[in-house]
Amino acid sequence: MAKRVTIKDIASRTGTSVATVHRVLYGVDGVSEVLREKVLAEARRSNYRIDPTASLLRRKELHVTILLPDAAGPEKYYYQGLWKGIRQGVRNLGNSRIQFRYVKTDRGVSEISSALERLYDEADENLDGLITICDDQDSRLWIQRFIRRGVRVALVDRSADIEGLTCSVETSSEDMAAIAVDLLGRYSLAKPGPLVLVNGPQKRSSYRRYAETVRKDTAALSPDKEILEIDGYQEEEGWKTLDSLLKNGACCGIIASCARGTMWTCRLLETLPKEKRPTLIGTDVYPELVPYFDSGILKASIYQSHLEHGEKAIRLLYDSFSDYKSDSEVKILGRLSIVTAKNCKYFLD
């Protein structure tokens, strides 16, 4: 059995002190970038890993903040599952010597960037980790500042490319859109009338990517098909627009890319005669959708494994405290499922 490599071995091989190697492996400032890279390269070459139990016992108590929208109002359809996964992940750690702080934004995703700014101003060197979402440029800038400060950041939801991220558990907007178009193509895309996309705000990169894929894949199946896009976050205005469209003409089908848009679209279709109801492909699964699956109003929905996202983000961030600082982000692609009336009961968190 090969002898286990120690910090003393790495110090000897790199011509540095044990204290310097320790500072590098634990991400402590005060070491030049050249020397830091030299030590990390040797650690990787030696397949050195810090003992998780020993490292946590030697260190101070760690502080991690989880900053996400509150699972209330229209946000509840998506974030109730994510919060449940987060709390389950914390319970799975048991006595981990990590203090978790939960911060919930009252105004949903739109408030994330300002909430990150407040946290940045309030937090000090005692903030070791952060779990949050990033889907716009303002949030990206604040997260980058946290990383430069030495905070380990884990992203959940549909995340962004940010230099220095510790880990991310994300859902592919492109894959979700491609699945939705494929399903609609099987059900009703060949019917007359435009395709309606009930999408999220265009300032969020995930929804822009979703719309781009819908347009590209729809053009491949039906080159002349018109696509009408409605903001699913503006329920009152979106309801009026879609209601008028459906009452005054045909629509081949509807794709709702967000949980809240799926919900109010279902409620709208319920008010129409059956012959006026186009095929609806939605996003996410939650108890409020069950009646619409059962009645056939919701043909299918693309499920993102929110609970799994939350649990994995907690575990990945925890593991990062027990390992040397890597240059590469640990990225996990969240699983997607097609849910119908036949199997929706298996996806209710």
# chains A, B, ... in the order shown; residues from 1 in each chain; ligands from 1
call {"tool": "closest_atom_pairs", "arguments": {"of": "range 249-277 of chain A", "to": "range 207-226 of chain A", "cutoff": "12 Å", "atoms": "only C-alpha atoms", "output": "Markdown table"}}
result
| residue | atom | partner | partner_atom | distance |
| --- | --- | --- | --- | --- |
| A:Cys251 | CA | A:Glu226 | CA | 10.0 |
| A:Cys252 | CA | A:Lys225 | CA | 9.4 |
| A:Gly253 | CA | A:Lys225 | CA | 11.2 |
| A:Ile254 | CA | A:Val214 | CA | 11.4 |
| A:Ile255 | CA | A:Val214 | CA | 9.0 |
| A:Ala256 | CA | A:Tyr210 | CA | 10.4 |
| A:Ser257 | CA | A:Tyr210 | CA | 7.5 |
| A:Cys258 | CA | A:Tyr207 | CA | 8.7 |
call {"tool": "residues_around", "arguments": {"residues": "Leu165 in chain A", "least_positions_apart": "2", "cutoff": "8 Å", "atoms": "only C-alpha atoms", "output": "list of chain:residue names"}}
result
A:Ile147, A:Arg152, A:Val153, A:Ala154, A:Ile162, A:Glu163, A:Cys167, A:Ser168, A:Ser328, A:Glu329
call {"tool": "select_by_dssp", "arguments": {"residues": "range 125-220 of chain A", "states": "strand (DSSP E)", "output": "list in words"}}
result
Gly129, Leu130, Ile131, Thr132, Arg152, Val153, Ala154, Leu155, Cys167, Ser168, Val169, Glu170, Leu195, Val196, Leu197, Val198 and Asn199 of chain A
call {"tool": "write_last_selection", "arguments": {"atoms": "C-alpha atoms", "output": "PDB file, in the first residue's frame"}}
result
ATOM      1  CA  GLY A 129     -19.250  30.126   1.813  1.00  0.00           C
ATOM      2  CA  LEU A 130     -22.271  31.298  -0.174  1.00  0.00           C
ATOM      3  CA  ILE A 131     -25.028  29.381  -1.965  1.00  0.00           C
ATOM      4  CA  THR A 132     -27.177  31.471  -4.301  1.00  0.00           C
ATOM      5  CA  ARG A 152     -16.431  29.884  -1.800  1.00  0.00           C
ATOM      6  CA  VAL A 153     -19.545  30.211  -3.957  1.00  0.00           C
ATOM      7  CA  ALA A 154     -21.950  27.465  -5.040  1.00  0.00           C
ATOM      8  CA  LEU A 155     -24.682  28.221  -7.568  1.00  0.00           C
ATOM      9  CA  CYS A 167     -19.271  24.484  -7.717  1.00  0.00           C
ATOM     10  CA  SER A 168     -22.628  24.669  -9.456  1.00  0.00           C
ATOM     11  CA  VAL A 169     -25.685  22.491  -9.864  1.00  0.00           C
ATOM     12  CA  GLU A 170     -27.497  23.784 -12.877  1.00  0.00           C
ATOM     13  CA  LEU A 195     -46.785  28.692 -31.246  1.00  0.00           C
ATOM     14  CA  VAL A 196     -47.016  30.713 -28.030  1.00  0.00           C
ATOM     15  CA  LEU A 197     -44.010  30.827 -25.703  1.00  0.00           C
ATOM     16  CA  VAL A 198     -44.871  31.939 -22.159  1.00  0.00           C
ATOM     17  CA  ASN A 199     -41.339  32.824 -21.151  1.00  0.00           C
TER      18      ASN A 199
END
call {"tool": "atom_distance", "arguments": {"atom1": "CA of Thr283 in chain A", "atom2": "CA of Met176 in chain A"}}
result
8.5 Å
call {"tool": "residues_around", "arguments": {"residues": "range 38-45 of chain A", "least_positions_apart": "2", "cutoff": "9 Å", "atoms": "only C-alpha atoms", "output": "VMD selection string"}}
result
chain A and resid 5 7 10 to 11 13 to 14 16 20 to 21 24 to 25 33 to 36 47 to 49 324 to 326
call {"tool": "atom_distance", "arguments": {"atom1": "CA of Glu117 in chain A", "atom2": "CA of Ile98 in chain A"}}
result
23.0 Å
call {"tool": "closest_residue", "arguments": {"among": "A:Leu333, A:Val285, A:Leu272, A:Leu246", "to": "Ala259 in chain A", "atoms": "only C-alpha atoms"}}
result
A:Val285
call {"tool": "select_by_dssp", "arguments": {"residues": "range 15-261 of chain A", "states": "helix (DSSP H, G or I)", "output": "MDAnalysis selection string"}}
result
chainID A and resid 18:25 33:45 52:58 73:93 108:122 137:148 173:187 205:221 235:248 259:261
call {"tool": "closest_atom_pairs", "arguments": {"of": "range 266-330 of chain A", "to": "range 234-242 of chain A", "cutoff": "10 Å", "atoms": "only C-alpha atoms", "output": "tab-separated table"}}
result
residue	atom	partner	partner_atom	distance
A:Arg267	CA	A:Trp239	CA	9.5
A:Leu268	CA	A:Trp239	CA	7.0
A:Leu269	CA	A:Leu242	CA	9.6
call {"tool": "closest_residue", "arguments": {"among": "A:Ala190, A:Val290, A:Ala19, A:Ala313", "to": "Thr340 in chain A", "atoms": "only C-alpha atoms"}}
result
A:Val290
call {"tool": "atom_distance", "arguments": {"atom1": "CA of His22 in chain A", "atom2": "CA of Ser320 in chain A"}}
result
15.4 Å
call {"tool": "residues_around", "arguments": {"residues": "Ile112 in chain A", "least_positions_apart": "4", "cutoff": "12 Å", "atoms": "only C-alpha atoms", "output": "list in words"}}
result
Ile66, Leu67, Leu68, Pro69, Asp70, Val103, Lys104, Thr105, Asp106, Arg107, Gly108, Leu116, Glu117, Arg118, Leu119, Ile131, Thr132, Ile133, Cys134, Asp135, Asp136, Gln137, Asp138, Ser139, Arg140, Leu141, Trp142, Ile143 and Arg204 of chain A
call {"tool": "write_last_selection", "arguments": {"atoms": "C-alpha atoms", "output": "PDB file, in the first residue's frame"}}
result
ATOM      1  CA  ILE A  66     -27.754  30.602   1.673  1.00  0.00           C
ATOM      2  CA  LEU A  67     -29.380  33.450  -0.244  1.00  0.00           C
ATOM      3  CA  LEU A  68     -32.425  32.528  -2.356  1.00  0.00           C
ATOM      4  CA  PRO A  69     -35.918  33.866  -3.105  1.00  0.00           C
ATOM      5  CA  ASP A  70     -38.518  33.050  -0.494  1.00  0.00           C
ATOM      6  CA  VAL A 103     -31.502  34.730   3.794  1.00  0.00           C
ATOM      7  CA  LYS A 104     -34.736  34.928   1.782  1.00  0.00           C
ATOM      8  CA  THR A 105     -35.516  37.731  -0.639  1.00  0.00           C
ATOM      9  CA  ASP A 106     -39.105  38.969  -0.445  1.00  0.00           C
ATOM     10  CA  ARG A 107     -39.374  40.130  -4.059  1.00  0.00           C
ATOM     11  CA  GLY A 108     -38.035  36.998  -5.699  1.00  0.00           C
ATOM     12  CA  LEU A 116     -26.086  40.197  -2.685  1.00  0.00           C
ATOM     13  CA  GLU A 117     -24.942  43.814  -2.441  1.00  0.00           C
ATOM     14  CA  ARG A 118     -26.352  44.134   1.092  1.00  0.00           C
ATOM     15  CA  LEU A 119     -24.746  40.864   2.137  1.00  0.00           C
ATOM     16  CA  ILE A 131     -25.028  29.381  -1.965  1.00  0.00           C
ATOM     17  CA  THR A 132     -27.177  31.471  -4.301  1.00  0.00           C
ATOM     18  CA  ILE A 133     -28.380  31.886  -7.888  1.00  0.00           C
ATOM     19  CA  CYS A 134     -27.082  34.014 -10.734  1.00  0.00           C
ATOM     20  CA  ASP A 135     -29.069  34.770 -13.851  1.00  0.00           C
ATOM     21  CA  ASP A 136     -28.283  38.395 -14.690  1.00  0.00           C
ATOM     22  CA  GLN A 137     -25.264  40.648 -15.067  1.00  0.00           C
ATOM     23  CA  ASP A 138     -25.714  42.556 -11.800  1.00  0.00           C
ATOM     24  CA  SER A 139     -25.756  39.345  -9.741  1.00  0.00           C
ATOM     25  CA  ARG A 140     -22.736  38.086 -11.653  1.00  0.00           C
ATOM     26  CA  LEU A 141     -20.702  41.159 -10.691  1.00  0.00           C
ATOM     27  CA  TRP A 142     -21.490  40.822  -6.976  1.00  0.00           C
ATOM     28  CA  ILE A 143     -20.718  37.104  -6.950  1.00  0.00           C
ATOM     29  CA  ARG A 204     -32.375  36.728 -17.401  1.00  0.00           C
TER      30      ARG A 204
END
call {"tool": "closest_residue", "arguments": {"among": "A:Gln88, A:Thr265, A:Ser244, A:Thr6", "to": "Leu289 in chain A", "atoms": "only C-alpha atoms"}}
result
A:Thr265
call {"tool": "residues_around", "arguments": {"residues": "Ile179 in chain A", "least_positions_apart": "2", "cutoff": "10 Å", "atoms": "only C-alpha atoms", "output": "PyMOL selection string"}}
result
chain A and resi 174-177+181-185+214+217+281+301-302+336-338
call {"tool": "write_last_selection", "arguments": {"atoms": "C-alpha atoms", "output": "PDB file, in the first residue's frame"}}
result
ATOM      1  CA  GLU A 174     -31.333  24.651 -23.973  1.00  0.00           C
ATOM      2  CA  ASP A 175     -32.135  21.030 -23.130  1.00  0.00           C
ATOM      3  CA  MET A 176     -35.405  21.991 -21.451  1.00  0.00           C
ATOM      4  CA  ALA A 177     -36.491  23.980 -24.503  1.00  0.00           C
ATOM      5  CA  VAL A 181     -40.405  21.597 -28.703  1.00  0.00           C
ATOM      6  CA  ASP A 182     -39.955  17.887 -29.373  1.00  0.00           C
ATOM      7  CA  LEU A 183     -43.050  17.080 -27.312  1.00  0.00           C
ATOM      8  CA  LEU A 184     -45.119  19.772 -28.993  1.00  0.00           C
ATOM      9  CA  GLY A 185     -43.934  18.475 -32.347  1.00  0.00           C
ATOM     10  CA  VAL A 214     -37.343  27.179 -29.100  1.00  0.00           C
ATOM     11  CA  ASP A 217     -35.753  23.813 -33.007  1.00  0.00           C
ATOM     12  CA  ILE A 281     -46.221  21.887 -22.323  1.00  0.00           C
ATOM     13  CA  SER A 301     -44.262  19.289 -17.948  1.00  0.00           C
ATOM     14  CA  ILE A 302     -40.459  19.352 -17.853  1.00  0.00           C
ATOM     15  CA  LEU A 336     -34.599  16.520 -16.336  1.00  0.00           C
ATOM     16  CA  SER A 337     -37.744  14.386 -16.608  1.00  0.00           C
ATOM     17  CA  ILE A 338     -40.871  14.426 -18.749  1.00  0.00           C
TER      18      ILE A 338
END
call {"tool": "residues_around", "arguments": {"residues": "Ile86 in chain A", "least_positions_apart": "4", "cutoff": "7 Å", "atoms": "only C-alpha atoms", "output": "list of chain:residue names"}}
result
A:Leu82, A:Val90, A:Gly310, A:Glu311, A:Ile314
call {"tool": "write_last_selection", "arguments": {"atoms": "C-alpha atoms", "output": "compact mmCIF listing (two decimals), in the first residue's frame"}}
result
# COMPACT_ATOMS: atom_id res chain seq x y z
CA LEU A 82 -35.17 23.94 -3.79
CA VAL A 90 -27.90 20.51 5.87
CA GLY A 310 -30.28 21.82 -3.09
CA GLU A 311 -28.88 18.67 -1.49
CA ILE A 314 -24.71 21.71 0.18
call {"tool": "closest_residue", "arguments": {"among": "A:Glu275, A:Asp157, A:Asp121, A:Glu288", "to": "Glu308 in chain A", "atoms": "only C-alpha atoms"}}
result
A:Asp157
call {"tool": "decode", "arguments": {"residues": "range 100-118 of chain A", "atoms": "N, CA and C atoms", "output": "PDB file, in the first residue's frame"}}
result
ATOM      1  N   PHE A 100     -24.987  27.652   9.324  1.00  0.00           N
ATOM      2  CA  PHE A 100     -25.719  28.059   8.131  1.00  0.00           C
ATOM      3  C   PHE A 100     -26.668  29.205   8.468  1.00  0.00           C
ATOM      4  N   ARG A 101     -26.640  30.203   7.617  1.00  0.00           N
ATOM      5  CA  ARG A 101     -27.550  31.338   7.751  1.00  0.00           C
ATOM      6  C   ARG A 101     -28.442  31.375   6.512  1.00  0.00           C
ATOM      7  N   TYR A 102     -29.753  31.492   6.727  1.00  0.00           N
ATOM      8  CA  TYR A 102     -30.704  31.487   5.625  1.00  0.00           C
ATOM      9  C   TYR A 102     -31.225  32.898   5.380  1.00  0.00           C
ATOM     10  N   VAL A 103     -31.031  33.391   4.171  1.00  0.00           N
ATOM     11  CA  VAL A 103     -31.502  34.730   3.794  1.00  0.00           C
ATOM     12  C   VAL A 103     -32.472  34.565   2.631  1.00  0.00           C
ATOM     13  N   LYS A 104     -33.705  35.053   2.807  1.00  0.00           N
ATOM     14  CA  LYS A 104     -34.736  34.928   1.782  1.00  0.00           C
ATOM     15  C   LYS A 104     -35.124  36.306   1.266  1.00  0.00           C
ATOM     16  N   THR A 105     -35.106  36.459  -0.047  1.00  0.00           N
ATOM     17  CA  THR A 105     -35.516  37.731  -0.639  1.00  0.00           C
ATOM     18  C   THR A 105     -37.031  37.742  -0.786  1.00  0.00           C
ATOM     19  N   ASP A 106     -37.642  38.866  -0.428  1.00  0.00           N
ATOM     20  CA  ASP A 106     -39.105  38.969  -0.445  1.00  0.00           C
ATOM     21  C   ASP A 106     -39.662  39.190  -1.843  1.00  0.00           C
ATOM     22  N   ARG A 107     -38.868  39.801  -2.719  1.00  0.00           N
ATOM     23  CA  ARG A 107     -39.374  40.130  -4.059  1.00  0.00           C
ATOM     24  C   ARG A 107     -38.788  39.219  -5.133  1.00  0.00           C
ATOM     25  N   GLY A 108     -38.417  38.023  -4.727  1.00  0.00           N
ATOM     26  CA  GLY A 108     -38.035  36.998  -5.699  1.00  0.00           C
ATOM     27  C   GLY A 108     -36.702  37.225  -6.363  1.00  0.00           C
ATOM     28  N   VAL A 109     -36.592  36.685  -7.573  1.00  0.00           N
ATOM     29  CA  VAL A 109     -35.341  36.706  -8.319  1.00  0.00           C
ATOM     30  C   VAL A 109     -34.878  38.121  -8.612  1.00  0.00           C
ATOM     31  N   SER A 110     -35.813  39.020  -8.825  1.00  0.00           N
ATOM     32  CA  SER A 110     -35.460  40.396  -9.188  1.00  0.00           C
ATOM     33  C   SER A 110     -34.664  41.103  -8.089  1.00  0.00           C
ATOM     34  N   GLU A 111     -34.732  40.588  -6.863  1.00  0.00           N
ATOM     35  CA  GLU A 111     -34.058  41.239  -5.736  1.00  0.00           C
ATOM     36  C   GLU A 111     -32.704  40.604  -5.407  1.00  0.00           C
ATOM     37  N   ILE A 112     -32.328  39.551  -6.113  1.00  0.00           N
ATOM     38  CA  ILE A 112     -31.104  38.828  -5.767  1.00  0.00           C
ATOM     39  C   ILE A 112     -29.876  39.730  -5.816  1.00  0.00           C
ATOM     40  N   SER A 113     -29.725  40.524  -6.854  1.00  0.00           N
ATOM     41  CA  SER A 113     -28.521  41.346  -6.979  1.00  0.00           C
ATOM     42  C   SER A 113     -28.432  42.366  -5.836  1.00  0.00           C
ATOM     43  N   SER A 114     -29.538  43.009  -5.482  1.00  0.00           N
ATOM     44  CA  SER A 114     -29.503  43.977  -4.380  1.00  0.00           C
ATOM     45  C   SER A 114     -29.278  43.266  -3.047  1.00  0.00           C
ATOM     46  N   ALA A 115     -29.816  42.053  -2.893  1.00  0.00           N
ATOM     47  CA  ALA A 115     -29.585  41.285  -1.667  1.00  0.00           C
ATOM     48  C   ALA A 115     -28.122  40.869  -1.555  1.00  0.00           C
ATOM     49  N   LEU A 116     -27.514  40.526  -2.682  1.00  0.00           N
ATOM     50  CA  LEU A 116     -26.086  40.197  -2.685  1.00  0.00           C
ATOM     51  C   LEU A 116     -25.252  41.421  -2.301  1.00  0.00           C
ATOM     52  N   GLU A 117     -25.657  42.580  -2.788  1.00  0.00           N
ATOM     53  CA  GLU A 117     -24.942  43.814  -2.441  1.00  0.00           C
ATOM     54  C   GLU A 117     -25.020  44.081  -0.944  1.00  0.00           C
ATOM     55  N   ARG A 118     -26.208  43.918  -0.355  1.00  0.00           N
ATOM     56  CA  ARG A 118     -26.352  44.134   1.092  1.00  0.00           C
ATOM     57  C   ARG A 118     -25.513  43.135   1.878  1.00  0.00           C
TER      58      ARG A 118
END
